[in-house]
>>> print(open('entry10.cif').read())   # mmCIF, C-alpha atoms
data_protein
#
loop_
_atom_site.label_atom_id
_atom_site.label_comp_id
_atom_site.auth_asym_id
_atom_site.auth_seq_id
_atom_site.Cartn_x
_atom_site.Cartn_y
_atom_site.Cartn_z
CA MET A 12 -0.18 21.13 53.85
CA GLU A 13 -1.00 21.32 57.53
CA LEU A 14 -3.64 18.55 57.65
CA LEU A 15 -1.18 16.11 56.12
CA LYS A 16 1.70 17.10 58.41
CA GLN A 17 -0.50 16.65 61.48
CA ARG A 18 -1.54 13.22 60.22
CA ILE A 19 2.08 12.17 59.66
CA LEU A 20 2.95 13.31 63.20
CA LYS A 21 -0.06 11.45 64.61
CA ASP A 22 0.10 8.18 62.67
CA GLY A 23 3.53 7.96 61.00
CA VAL A 24 6.07 5.55 62.50
CA VAL A 25 9.81 5.89 61.93
CA LYS A 26 11.60 2.58 61.37
CA ALA A 27 15.25 1.63 61.05
CA GLY A 28 16.88 2.49 57.72
CA ASN A 29 15.17 5.86 57.20
CA VAL A 30 11.81 4.19 56.61
CA LEU A 31 8.71 6.24 57.44
CA LYS A 32 5.72 3.95 57.80
CA VAL A 33 2.51 5.71 56.84
CA ASP A 34 0.67 2.57 55.84
CA SER A 35 -2.27 3.20 58.15
CA PHE A 36 -3.51 6.03 55.90
CA LEU A 37 -1.41 6.40 52.73
CA ASN A 38 0.02 3.29 51.12
CA HIS A 39 -1.54 0.10 52.47
CA GLN A 40 -4.68 1.22 54.24
CA MET A 41 -5.86 4.39 52.49
CA ASP A 42 -7.87 7.32 53.88
CA VAL A 43 -9.78 8.55 50.83
CA ALA A 44 -11.14 11.62 52.64
CA LEU A 45 -7.52 12.70 53.16
CA PHE A 46 -6.83 11.85 49.50
CA SER A 47 -9.61 14.28 48.49
CA GLU A 48 -7.90 17.07 50.44
CA ILE A 49 -4.55 16.12 48.89
CA GLY A 50 -6.13 16.23 45.44
CA LYS A 51 -7.57 19.70 46.06
CA GLU A 52 -4.17 20.94 47.21
CA PHE A 53 -2.46 19.59 44.07
CA TYR A 54 -5.16 21.29 42.02
CA ASN A 55 -4.53 24.59 43.79
CA ARG A 56 -0.85 24.37 42.96
CA PHE A 57 -1.21 23.31 39.30
CA LYS A 58 -4.62 24.70 38.30
CA ASP A 59 -3.18 27.27 35.89
CA CYS A 60 -1.09 24.75 33.95
CA ASN A 61 -3.72 23.16 31.66
CA VAL A 62 -2.90 19.67 32.84
CA THR A 63 -4.55 17.09 30.54
CA LYS A 64 -3.28 13.84 32.05
CA ILE A 65 -1.98 12.44 35.34
CA LEU A 66 0.83 9.87 35.31
CA THR A 67 1.64 7.76 38.35
CA ILE A 68 3.27 4.41 39.12
CA GLU A 69 1.85 1.27 40.65
CA ALA A 70 0.87 0.51 43.28
CA SER A 71 0.53 3.10 46.00
CA GLY A 72 0.39 6.14 43.70
CA ILE A 73 -2.78 4.95 41.99
CA GLY A 74 -5.37 5.80 44.62
CA ILE A 75 -3.98 9.29 45.20
CA ALA A 76 -3.75 9.91 41.45
CA CYS A 77 -7.36 8.82 40.80
CA VAL A 78 -8.80 10.99 43.55
CA THR A 79 -6.58 13.91 42.46
CA ALA A 80 -7.89 13.56 38.89
CA GLN A 81 -11.38 14.31 40.22
CA SER A 82 -10.18 17.79 41.24
CA PHE A 83 -8.81 18.26 37.70
CA ASN A 84 -12.23 17.78 36.10
CA ASN A 85 -11.81 13.99 35.74
CA ILE A 86 -8.79 14.02 33.40
CA PRO A 87 -7.43 10.53 32.58
CA VAL A 88 -4.92 8.83 34.88
CA VAL A 89 -2.25 6.49 33.53
CA PHE A 90 -0.13 4.31 35.76
CA ALA A 91 3.28 2.98 34.78
CA LYS A 92 3.56 -0.76 35.31
CA LYS A 93 6.46 -2.52 36.93
CA ASN A 94 6.13 -5.82 35.10
CA LYS A 95 5.35 -6.78 31.56
CA THR A 96 2.05 -8.62 31.38
CA LYS A 97 0.30 -10.47 28.60
CA ASN A 98 -2.16 -7.61 28.43
CA ILE A 99 0.35 -4.97 27.37
CA ALA A 100 1.41 -5.95 23.93
CA GLY A 101 3.26 -3.93 21.35
CA ASP A 102 4.66 -0.50 21.74
CA VAL A 103 5.64 0.78 25.16
CA TYR A 104 7.94 3.41 26.61
CA THR A 105 10.36 1.87 29.10
CA SER A 106 12.76 3.21 31.71
CA LYS A 107 14.77 1.78 34.59
CA VAL A 108 14.09 2.43 38.27
CA VAL A 109 16.07 1.47 41.37
CA SER A 110 13.72 0.91 44.30
CA PHE A 111 14.66 2.31 47.69
CA THR A 112 12.00 0.21 49.39
CA HIS A 113 12.66 -3.07 47.62
CA GLY A 114 16.41 -2.71 47.04
CA ARG A 115 16.33 -3.85 43.41
CA GLU A 116 16.26 -2.55 39.85
CA TYR A 117 13.27 -2.95 37.56
CA ASP A 118 11.75 -1.63 34.36
CA ILE A 119 8.66 0.55 34.28
CA ILE A 120 6.53 0.73 31.18
CA VAL A 121 3.68 2.75 29.72
CA SER A 122 1.82 1.96 26.53
CA LYS A 123 2.55 4.44 23.75
CA ASP A 124 -1.22 4.68 23.27
CA TYR A 125 -1.60 6.64 26.52
CA LEU A 126 1.21 9.21 26.40
CA LYS A 127 1.05 11.44 23.34
CA PRO A 128 2.92 14.59 22.24
CA GLU A 129 -0.21 16.70 22.82
CA ASP A 130 -0.52 15.62 26.49
CA ARG A 131 0.36 18.02 29.32
CA VAL A 132 1.37 15.65 32.10
CA LEU A 133 1.35 16.03 35.86
CA ILE A 134 3.19 13.23 37.66
CA ILE A 135 1.70 12.22 41.03
CA ASP A 136 3.37 9.92 43.56
CA ASP A 137 3.20 9.19 47.25
CA PHE A 138 6.92 9.43 48.13
CA LEU A 139 10.05 11.17 46.88
CA ALA A 140 13.28 9.92 48.46
CA ASN A 141 16.19 9.13 46.15
CA GLY A 142 14.17 10.17 43.13
CA SER A 143 14.70 7.10 41.02
CA ALA A 144 11.01 6.37 40.42
CA LEU A 145 10.35 10.02 39.59
CA GLU A 146 13.34 10.14 37.22
CA GLY A 147 11.97 7.05 35.50
CA LEU A 148 8.52 8.60 35.11
CA ILE A 149 10.05 11.83 33.76
CA ARG A 150 11.97 9.85 31.13
CA LEU A 151 8.72 8.16 30.02
CA VAL A 152 7.13 11.59 29.52
CA GLU A 153 10.20 12.92 27.68
CA ASP A 154 10.33 9.86 25.41
CA SER A 155 6.68 10.37 24.47
CA GLY A 156 7.18 13.99 23.44
CA ALA A 157 4.47 15.11 25.89
CA THR A 158 4.87 18.30 27.93
CA LEU A 159 5.92 17.71 31.53
CA ILE A 160 4.09 20.16 33.80
CA GLY A 161 5.70 18.99 37.03
CA ALA A 162 5.40 16.51 39.86
CA GLY A 163 3.05 16.49 42.84
CA ILE A 164 4.46 14.48 45.74
CA VAL A 165 2.66 13.70 48.98
CA ILE A 166 5.72 13.17 51.22
CA GLU A 167 9.27 14.18 50.32
CA LYS A 168 12.20 13.03 52.42
CA GLY A 169 14.11 16.29 52.27
CA PHE A 170 17.24 14.72 53.73
CA GLN A 171 17.58 12.35 50.76
CA PRO A 172 18.85 13.59 47.38
CA GLY A 173 15.79 13.08 45.13
CA GLY A 174 14.19 16.50 45.53
CA ASP A 175 17.39 18.45 44.78
CA LEU A 176 18.24 16.11 41.92
CA ILE A 177 14.90 16.55 40.14
CA ARG A 178 14.53 20.28 40.84
CA GLY A 179 18.12 20.68 39.56
CA LYS A 180 16.89 19.44 36.18
CA GLY A 181 14.42 22.30 36.04
CA VAL A 182 11.38 20.19 36.88
CA ARG A 183 8.75 21.82 39.13
CA VAL A 184 8.26 19.59 42.18
CA GLU A 185 5.49 20.37 44.65
CA SER A 186 5.68 18.30 47.82
CA LEU A 187 2.87 18.61 50.34
CA ALA A 188 5.07 17.65 53.30
CA ILE A 189 8.87 17.80 53.23
CA ILE A 190 10.57 15.99 56.08
CA ASP A 191 13.72 17.68 57.30
CA SER A 192 14.84 15.05 59.75
CA MET A 193 13.44 12.04 61.51
CA THR A 194 14.50 9.83 64.37
CA ASP A 195 12.65 7.36 66.59
CA SER A 196 11.59 10.18 68.86
CA SER A 197 11.17 13.23 66.61
CA LEU A 198 10.16 14.24 63.11
CA THR A 199 10.51 17.76 61.75
CA PHE A 200 9.26 19.37 58.55
CA LYS A 201 10.95 21.93 56.35
CA ASP A 202 9.58 25.39 57.18
CA MET B 24 -24.64 -1.66 34.34
CA GLU B 25 -25.51 -0.30 30.92
CA LEU B 26 -22.94 2.54 30.82
CA LEU B 27 -20.14 0.07 31.50
CA LYS B 28 -21.38 -2.48 28.95
CA GLN B 29 -21.55 0.21 26.27
CA ARG B 30 -18.02 1.30 27.13
CA ILE B 31 -16.71 -2.26 26.88
CA LEU B 32 -18.38 -2.65 23.48
CA LYS B 33 -16.95 0.68 22.32
CA ASP B 34 -13.38 0.49 23.66
CA GLY B 35 -12.70 -3.13 24.66
CA VAL B 36 -10.46 -5.21 22.40
CA VAL B 37 -10.51 -9.02 22.37
CA LYS B 38 -7.05 -10.60 22.08
CA ALA B 39 -5.88 -14.19 21.62
CA GLY B 40 -6.07 -16.38 24.73
CA ASN B 41 -9.39 -15.04 26.04
CA VAL B 42 -7.83 -11.69 26.92
CA LEU B 43 -10.15 -8.67 26.98
CA LYS B 44 -8.09 -5.48 26.78
CA VAL B 45 -9.84 -2.62 28.54
CA ASP B 46 -6.68 -0.72 29.31
CA SER B 47 -7.86 2.48 27.66
CA PHE B 48 -10.32 3.13 30.52
CA LEU B 49 -10.04 0.53 33.30
CA ASN B 50 -6.62 -0.89 34.12
CA HIS B 51 -3.79 1.10 32.57
CA GLN B 52 -5.36 4.39 31.56
CA MET B 53 -8.25 5.03 33.97
CA ASP B 54 -11.47 7.00 33.44
CA VAL B 55 -12.27 8.30 36.91
CA ALA B 56 -15.67 9.68 35.87
CA LEU B 57 -16.64 6.11 34.92
CA PHE B 58 -15.14 4.92 38.23
CA SER B 59 -17.51 7.30 40.07
CA GLU B 60 -20.50 5.72 38.33
CA ILE B 61 -19.12 2.25 39.11
CA GLY B 62 -18.71 3.25 42.76
CA LYS B 63 -22.31 4.48 42.95
CA GLU B 64 -23.54 1.21 41.45
CA PHE B 65 -21.59 -0.86 44.00
CA TYR B 66 -23.06 1.33 46.73
CA ASN B 67 -26.58 0.74 45.42
CA ARG B 68 -26.04 -3.01 45.58
CA PHE B 69 -24.39 -3.14 49.01
CA LYS B 70 -25.77 -0.06 50.80
CA ASP B 71 -27.81 -2.07 53.31
CA CYS B 72 -24.88 -4.22 54.43
CA ASN B 73 -23.08 -1.88 56.86
CA VAL B 74 -19.79 -2.22 55.02
CA THR B 75 -16.94 -0.75 57.11
CA LYS B 76 -13.93 -1.50 54.92
CA ILE B 77 -13.06 -2.15 51.28
CA LEU B 78 -10.37 -4.71 50.42
CA THR B 79 -8.76 -4.86 46.99
CA ILE B 80 -5.52 -6.07 45.41
CA GLU B 81 -2.75 -4.18 43.69
CA ALA B 82 -2.54 -2.74 41.18
CA SER B 83 -5.55 -2.18 38.99
CA GLY B 84 -8.15 -2.64 41.72
CA ILE B 85 -6.86 0.30 43.75
CA GLY B 86 -8.28 3.20 41.74
CA ILE B 87 -11.73 1.64 41.51
CA ALA B 88 -11.70 0.76 45.22
CA CYS B 89 -10.70 4.29 46.29
CA VAL B 90 -13.38 5.98 44.20
CA THR B 91 -15.95 3.39 45.35
CA ALA B 92 -15.07 4.14 48.99
CA GLN B 93 -16.22 7.73 48.42
CA SER B 94 -19.73 6.43 47.78
CA PHE B 95 -19.53 4.47 51.05
CA ASN B 96 -18.98 7.62 53.12
CA ASN B 97 -15.17 7.45 52.80
CA ILE B 98 -14.64 4.12 54.57
CA PRO B 99 -11.00 2.92 54.57
CA VAL B 100 -9.58 0.97 51.64
CA VAL B 101 -6.90 -1.69 52.14
CA PHE B 102 -5.03 -3.26 49.27
CA ALA B 103 -3.38 -6.67 49.41
CA LYS B 104 0.24 -6.55 48.27
CA LYS B 105 1.85 -9.01 45.90
CA ASN B 106 5.39 -8.69 47.23
CA LYS B 107 6.87 -8.41 50.66
CA THR B 108 8.53 -5.03 51.11
CA LYS B 109 10.72 -3.59 53.81
CA ASN B 110 7.80 -1.44 54.86
CA ILE B 111 5.53 -4.30 55.88
CA ALA B 112 7.16 -5.84 58.87
CA GLY B 113 5.73 -8.23 61.37
CA ASP B 114 2.35 -9.80 61.31
CA VAL B 115 0.56 -10.34 58.04
CA TYR B 116 -2.16 -12.58 56.66
CA THR B 117 -0.94 -14.46 53.57
CA SER B 118 -2.58 -16.50 50.83
CA LYS B 119 -1.55 -17.92 47.45
CA VAL B 120 -2.85 -16.71 44.10
CA VAL B 121 -2.32 -18.09 40.60
CA SER B 122 -2.38 -15.27 38.06
CA PHE B 123 -4.30 -15.76 34.83
CA THR B 124 -2.64 -12.70 33.31
CA HIS B 125 0.93 -13.39 34.38
CA GLY B 126 0.83 -17.19 34.38
CA ARG B 127 2.58 -17.60 37.73
CA GLU B 128 1.89 -18.19 41.42
CA TYR B 129 2.52 -15.57 44.08
CA ASP B 130 1.68 -14.69 47.67
CA ILE B 131 -0.60 -11.85 48.60
CA ILE B 132 -0.38 -10.25 52.01
CA VAL B 133 -2.27 -7.84 54.23
CA SER B 134 -1.04 -6.47 57.52
CA LYS B 135 -2.98 -7.80 60.50
CA ASP B 136 -3.33 -4.19 61.64
CA TYR B 137 -5.83 -3.47 58.86
CA LEU B 138 -8.19 -6.46 58.91
CA LYS B 139 -9.88 -6.97 62.27
CA PRO B 140 -12.70 -9.22 63.51
CA GLU B 141 -15.03 -6.21 63.82
CA ASP B 142 -14.60 -5.24 60.13
CA ARG B 143 -17.39 -5.85 57.62
CA VAL B 144 -15.48 -6.22 54.37
CA LEU B 145 -16.50 -5.63 50.77
CA ILE B 146 -13.95 -6.94 48.26
CA ILE B 147 -13.61 -4.86 45.07
CA ASP B 148 -11.68 -5.91 41.96
CA ASP B 149 -11.61 -5.10 38.27
CA PHE B 150 -11.80 -8.64 36.85
CA LEU B 151 -13.14 -12.06 37.80
CA ALA B 152 -12.01 -14.90 35.52
CA ASN B 153 -10.69 -18.06 37.14
CA GLY B 154 -11.30 -16.64 40.59
CA SER B 155 -7.89 -17.24 42.07
CA ALA B 156 -7.26 -13.64 43.16
CA LEU B 157 -10.75 -13.41 44.65
CA GLU B 158 -10.31 -16.73 46.46
CA GLY B 159 -7.04 -15.42 47.89
CA LEU B 160 -8.69 -12.23 49.10
CA ILE B 161 -11.55 -14.19 50.66
CA ARG B 162 -9.05 -16.33 52.58
CA LEU B 163 -7.38 -13.19 53.95
CA VAL B 164 -10.76 -11.98 55.24
CA GLU B 165 -11.59 -15.40 56.72
CA ASP B 166 -8.18 -15.64 58.41
CA SER B 167 -8.71 -12.23 60.03
CA GLY B 168 -12.08 -13.18 61.53
CA ALA B 169 -13.73 -10.22 59.78
CA THR B 170 -17.20 -10.53 58.25
CA LEU B 171 -17.17 -10.96 54.46
CA ILE B 172 -20.06 -9.00 52.96
CA GLY B 173 -19.37 -9.96 49.37
CA ALA B 174 -17.44 -9.02 46.27
CA GLY B 175 -18.04 -6.24 43.77
CA ILE B 176 -16.49 -7.02 40.38
CA VAL B 177 -16.38 -4.66 37.41
CA ILE B 178 -16.06 -7.27 34.63
CA GLU B 179 -16.73 -11.00 35.07
CA LYS B 180 -15.80 -13.44 32.36
CA GLY B 181 -18.88 -15.62 32.69
CA PHE B 182 -17.41 -18.35 30.49
CA GLN B 183 -14.56 -18.95 32.94
CA PRO B 184 -15.14 -20.83 36.21
CA GLY B 185 -14.42 -18.14 38.84
CA GLY B 186 -17.94 -16.79 39.26
CA ASP B 187 -19.56 -20.20 39.76
CA LEU B 188 -16.73 -21.30 42.02
CA ILE B 189 -17.03 -18.34 44.39
CA ARG B 190 -20.84 -18.15 44.37
CA GLY B 191 -20.83 -21.91 45.07
CA LYS B 192 -19.10 -21.16 48.36
CA GLY B 193 -22.02 -18.96 49.37
CA VAL B 194 -20.24 -15.66 48.72
CA ARG B 195 -22.36 -12.86 47.26
CA VAL B 196 -20.70 -11.72 44.02
CA GLU B 197 -22.07 -8.66 42.21
CA SER B 198 -20.53 -8.19 38.76
CA LEU B 199 -21.43 -5.03 36.83
CA ALA B 200 -20.86 -6.67 33.44
CA ILE B 201 -20.81 -10.43 32.88
CA ILE B 202 -19.41 -11.51 29.53
CA ASP B 203 -21.14 -14.53 28.08
CA SER B 204 -18.88 -15.05 25.09
CA MET B 205 -16.29 -13.15 23.14
CA THR B 206 -14.55 -13.56 19.83
CA ASP B 207 -12.60 -11.20 17.60
CA SER B 208 -15.82 -10.02 16.02
CA SER B 209 -18.46 -10.20 18.76
CA LEU B 210 -18.89 -9.84 22.50
CA THR B 211 -22.12 -10.68 24.31
CA PHE B 212 -23.23 -10.07 27.89
CA LYS B 213 -25.30 -12.27 30.17
CA ASP B 214 -28.89 -10.99 30.18
#
>>> encode(input="entry10.cif", output="structure tokens")
Amino acid sequence: MELLKQRILKDGVVKAGNVLKVDSFLNHQMDVALFSEIGKEFYNRFKDCNVTKILTIEASGIGIACVTAQSFNNIPVVFAKKNKTKNIAGDVYTSKVVSFTHGREYDIIVSKDYLKPEDRVLIIDDFLANGSALEGLIRLVEDSGATLIGAGIVIEKGFQPGGDLIRGKGVRVESLAIIDSMTDSSLTFKD
Amino acid sequence: MELLKQRILKDGVVKAGNVLKVDSFLNHQMDVALFSEIGKEFYNRFKDCNVTKILTIEASGIGIACVTAQSFNNIPVVFAKKNKTKNIAGDVYTSKVVSFTHGREYDIIVSKDYLKPEDRVLIIDDFLANGSALEGLIRLVEDSGATLIGAGIVIEKGFQPGGDLIRGKGVRVESLAIIDSMTDSSLTFKD
């Protein structure tokens, strides 16, 4: 997606430890006009799949997922939570995730009320790097008996193993920008 | 906002400990068509205030804030984060929040890059109960030197002290549904 790649080149900042900071427009401050274009692009790629629900994970996936849902005729969005709260009681699906950003392991949960066998689920997230969060989300969908349509990712770090890992399981992954390599002074995209 | 009140009456569930579960449409599963109507209503109430930025807090405020921003001509949304991550380095504004839902104290942070003295900030959040999260967000705005326009809240628990506390400081708070009382068998709204 050319608009997104140009924005990453313009406003992305590469930091030590393979961190790409895009928090001026994607995951701290958010450009909702860009999100609308991202949502339309995800719709173009998955419009023939009868998606009935979008699943994402807190926090930075939520805005992109909600705006994307508008392009899919306002289908419901569900976000997996990283902490148990008083407000989620009873039956939940749970899986484990290792965070690249935070360097720790945690559980993610979704209420069984909001993932059902009849759902056709598109997973949406902002980043794909090592793939742990996406693997965790896929397990939630599998546990629920819902149909997994695929995953729509805004930025994939193509030099980290997540993309190959998930595609190797037969899951359709559509990433709008795949980064081939990045250093302080240059950033290149796949094709 | 009548549409919202009817939805709360239809799908809200009152739980022990003054908890109102609205996670089928507001803060776990999300109805983005409802969010669009909520966004239009916030715009109607604040359209003459020259709002330039929306501030919210992870996680459940983010979807509402992003969709609301569309009604405000796609102004940027910034969300305060509850944990320090590798990706936020350097200068941040910080304030303390006591969570009603989680029963613990935590810091919230916003990068100084995304709140500036020239910003005119509308705070958006899903719930107002004891007011601690909103107080924390207000302090972040004050610390930045930005102009605080007010707060747009989806559901205010009118029988808890947050609304009075914040309005008592001279902050304009617009809540789309104010709950007067709730029990297992009945829920009433203010006017």
>>> residues_around(input="entry10.cif", residues="stretch 142-145 of chain A", least_positions_apart="2", cutoff="9 Å", atoms="only C-alpha atoms", output="JSON, numbers by chain")
{"A": [68, 107, 108, 109, 110, 111, 119, 134, 136, 138, 139, 140, 147, 148, 149, 150, 162, 171, 172, 173, 174, 176, 177]}
>>> resolve_selection(input="entry10.cif", expression="the PyMOL selection byres ((chain A and resi 185) around 12)", output="ChimeraX atom specification")
/A:12,49,52-57,133-139,160-167,174,177-178,182-184,186-189
>>> residues_around(input="entry10.cif", residues="B:Leu57", least_positions_apart="3", cutoff="12 Å", atoms="all atoms listed in the file", output="ChimeraX atom specification")
/A:77,81,85-87 /B:24-31,47-49,52-54,60-64,86-87,90-91,177
>>> resolve_selection(input="entry10.cif", expression="the PyMOL selection byres ((chain A) within 9 of (chain B))", output="MDAnalysis selection string")
chainID A and resid 26 30:32 34:36 38:44 69:71 73:78 80:81 84:92 95:99 112:114 121:122 124:125
>>> resolve_selection(input="entry10.cif", expression="the PyMOL selection byres ((chain B and resi 117) around 6)", output="list of chain:residue names")
B:Tyr116, B:Ser118, B:Ile131, B:Ile132
>>> closest_residue(input="entry10.cif", among="B:Gly181, B:Lys135, B:Lys192, B:Asp187", to="B:Val164", atoms="only C-alpha atoms")
B:Lys135
>>> atom_distance(input="entry10.cif", atom1="atom CA of B:Asp71", atom2="atom CA of B:Asp214")
24.8 Å
>>> atom_distance(input="entry10.cif", atom1="atom CA of A:Ala157", atom2="atom CA of A:Lys127")
5.6 Å
>>> closest_residue(input="entry10.cif", among="A:Ile190, A:Ala27, A:Asp118, A:Pro128", to="A:Asp154", atoms="only C-alpha atoms")
A:Pro128
>>> atom_distance(input="entry10.cif", atom1="atom CA of A:Ser197", atom2="atom CA of B:Val115")
27.2 Å
>>> build_atoms(input="entry10.cif", residues="stretch 20-28 of chain A", atoms="all heavy atoms", output="PDB file, keeping the file's coordinate frame")
ATOM      1  N   LEU A  20       2.488  13.267  61.813  1.00  0.00           N
ATOM      2  CA  LEU A  20       2.950  13.310  63.200  1.00  0.00           C
ATOM      3  C   LEU A  20       2.130  12.367  64.078  1.00  0.00           C
ATOM      4  O   LEU A  20       2.663  11.712  64.978  1.00  0.00           O
ATOM      5  CB  LEU A  20       2.860  14.737  63.749  1.00  0.00           C
ATOM      6  CG  LEU A  20       3.880  15.722  63.158  1.00  0.00           C
ATOM      7  CD1 LEU A  20       3.598  17.141  63.650  1.00  0.00           C
ATOM      8  CD2 LEU A  20       5.317  15.310  63.505  1.00  0.00           C
ATOM      9  N   LYS A  21       0.837  12.278  63.785  1.00  0.00           N
ATOM     10  CA  LYS A  21      -0.060  11.450  64.610  1.00  0.00           C
ATOM     11  C   LYS A  21       0.127   9.961  64.312  1.00  0.00           C
ATOM     12  O   LYS A  21       0.209   9.140  65.228  1.00  0.00           O
ATOM     13  CB  LYS A  21      -1.513  11.874  64.321  1.00  0.00           C
ATOM     14  CG  LYS A  21      -2.583  11.090  65.073  1.00  0.00           C
ATOM     15  CD  LYS A  21      -3.953  11.752  64.905  1.00  0.00           C
ATOM     16  CE  LYS A  21      -5.099  10.809  65.187  1.00  0.00           C
ATOM     17  NZ  LYS A  21      -5.440   9.925  64.073  1.00  0.00           N
ATOM     18  N   ASP A  22       0.173   9.600  63.035  1.00  0.00           N
ATOM     19  CA  ASP A  22       0.100   8.180  62.670  1.00  0.00           C
ATOM     20  C   ASP A  22       1.345   7.617  61.991  1.00  0.00           C
ATOM     21  O   ASP A  22       1.427   6.412  61.751  1.00  0.00           O
ATOM     22  CB  ASP A  22      -1.105   7.946  61.741  1.00  0.00           C
ATOM     23  CG  ASP A  22      -2.433   8.134  62.458  1.00  0.00           C
ATOM     24  OD1 ASP A  22      -2.480   7.848  63.673  1.00  0.00           O
ATOM     25  OD2 ASP A  22      -3.409   8.569  61.826  1.00  0.00           O
ATOM     26  N   GLY A  23       2.291   8.455  61.615  1.00  0.00           N
ATOM     27  CA  GLY A  23       3.530   7.960  61.000  1.00  0.00           C
ATOM     28  C   GLY A  23       4.419   7.281  62.036  1.00  0.00           C
ATOM     29  O   GLY A  23       4.416   7.666  63.198  1.00  0.00           O
ATOM     30  N   VAL A  24       5.143   6.272  61.606  1.00  0.00           N
ATOM     31  CA  VAL A  24       6.070   5.550  62.500  1.00  0.00           C
ATOM     32  C   VAL A  24       7.427   5.476  61.810  1.00  0.00           C
ATOM     33  O   VAL A  24       7.523   5.032  60.659  1.00  0.00           O
ATOM     34  CB  VAL A  24       5.553   4.124  62.793  1.00  0.00           C
ATOM     35  CG1 VAL A  24       6.526   3.386  63.712  1.00  0.00           C
ATOM     36  CG2 VAL A  24       4.159   4.157  63.401  1.00  0.00           C
ATOM     37  N   VAL A  25       8.459   5.934  62.500  1.00  0.00           N
ATOM     38  CA  VAL A  25       9.810   5.890  61.930  1.00  0.00           C
ATOM     39  C   VAL A  25      10.442   4.542  62.264  1.00  0.00           C
ATOM     40  O   VAL A  25      10.430   4.103  63.414  1.00  0.00           O
ATOM     41  CB  VAL A  25      10.674   7.038  62.495  1.00  0.00           C
ATOM     42  CG1 VAL A  25      12.094   6.958  61.915  1.00  0.00           C
ATOM     43  CG2 VAL A  25      10.042   8.384  62.161  1.00  0.00           C
ATOM     44  N   LYS A  26      10.971   3.896  61.212  1.00  0.00           N
ATOM     45  CA  LYS A  26      11.600   2.580  61.370  1.00  0.00           C
ATOM     46  C   LYS A  26      13.077   2.677  61.000  1.00  0.00           C
ATOM     47  O   LYS A  26      13.489   3.621  60.311  1.00  0.00           O
ATOM     48  CB  LYS A  26      10.924   1.566  60.432  1.00  0.00           C
ATOM     49  CG  LYS A  26       9.471   1.288  60.765  1.00  0.00           C
ATOM     50  CD  LYS A  26       9.369   0.284  61.885  1.00  0.00           C
ATOM     51  CE  LYS A  26       7.944  -0.212  62.062  1.00  0.00           C
ATOM     52  NZ  LYS A  26       7.847  -1.162  63.180  1.00  0.00           N
ATOM     53  N   ALA A  27      13.825   1.671  61.385  1.00  0.00           N
ATOM     54  CA  ALA A  27      15.250   1.630  61.050  1.00  0.00           C
ATOM     55  C   ALA A  27      15.446   1.757  59.542  1.00  0.00           C
ATOM     56  O   ALA A  27      14.615   1.302  58.757  1.00  0.00           O
ATOM     57  CB  ALA A  27      15.844   0.315  61.553  1.00  0.00           C
ATOM     58  N   GLY A  28      16.551   2.379  59.137  1.00  0.00           N
ATOM     59  CA  GLY A  28      16.880   2.490  57.720  1.00  0.00           C
ATOM     60  C   GLY A  28      16.158   3.624  57.026  1.00  0.00           C
ATOM     61  O   GLY A  28      15.877   3.547  55.831  1.00  0.00           O
TER      62      GLY A  28
END
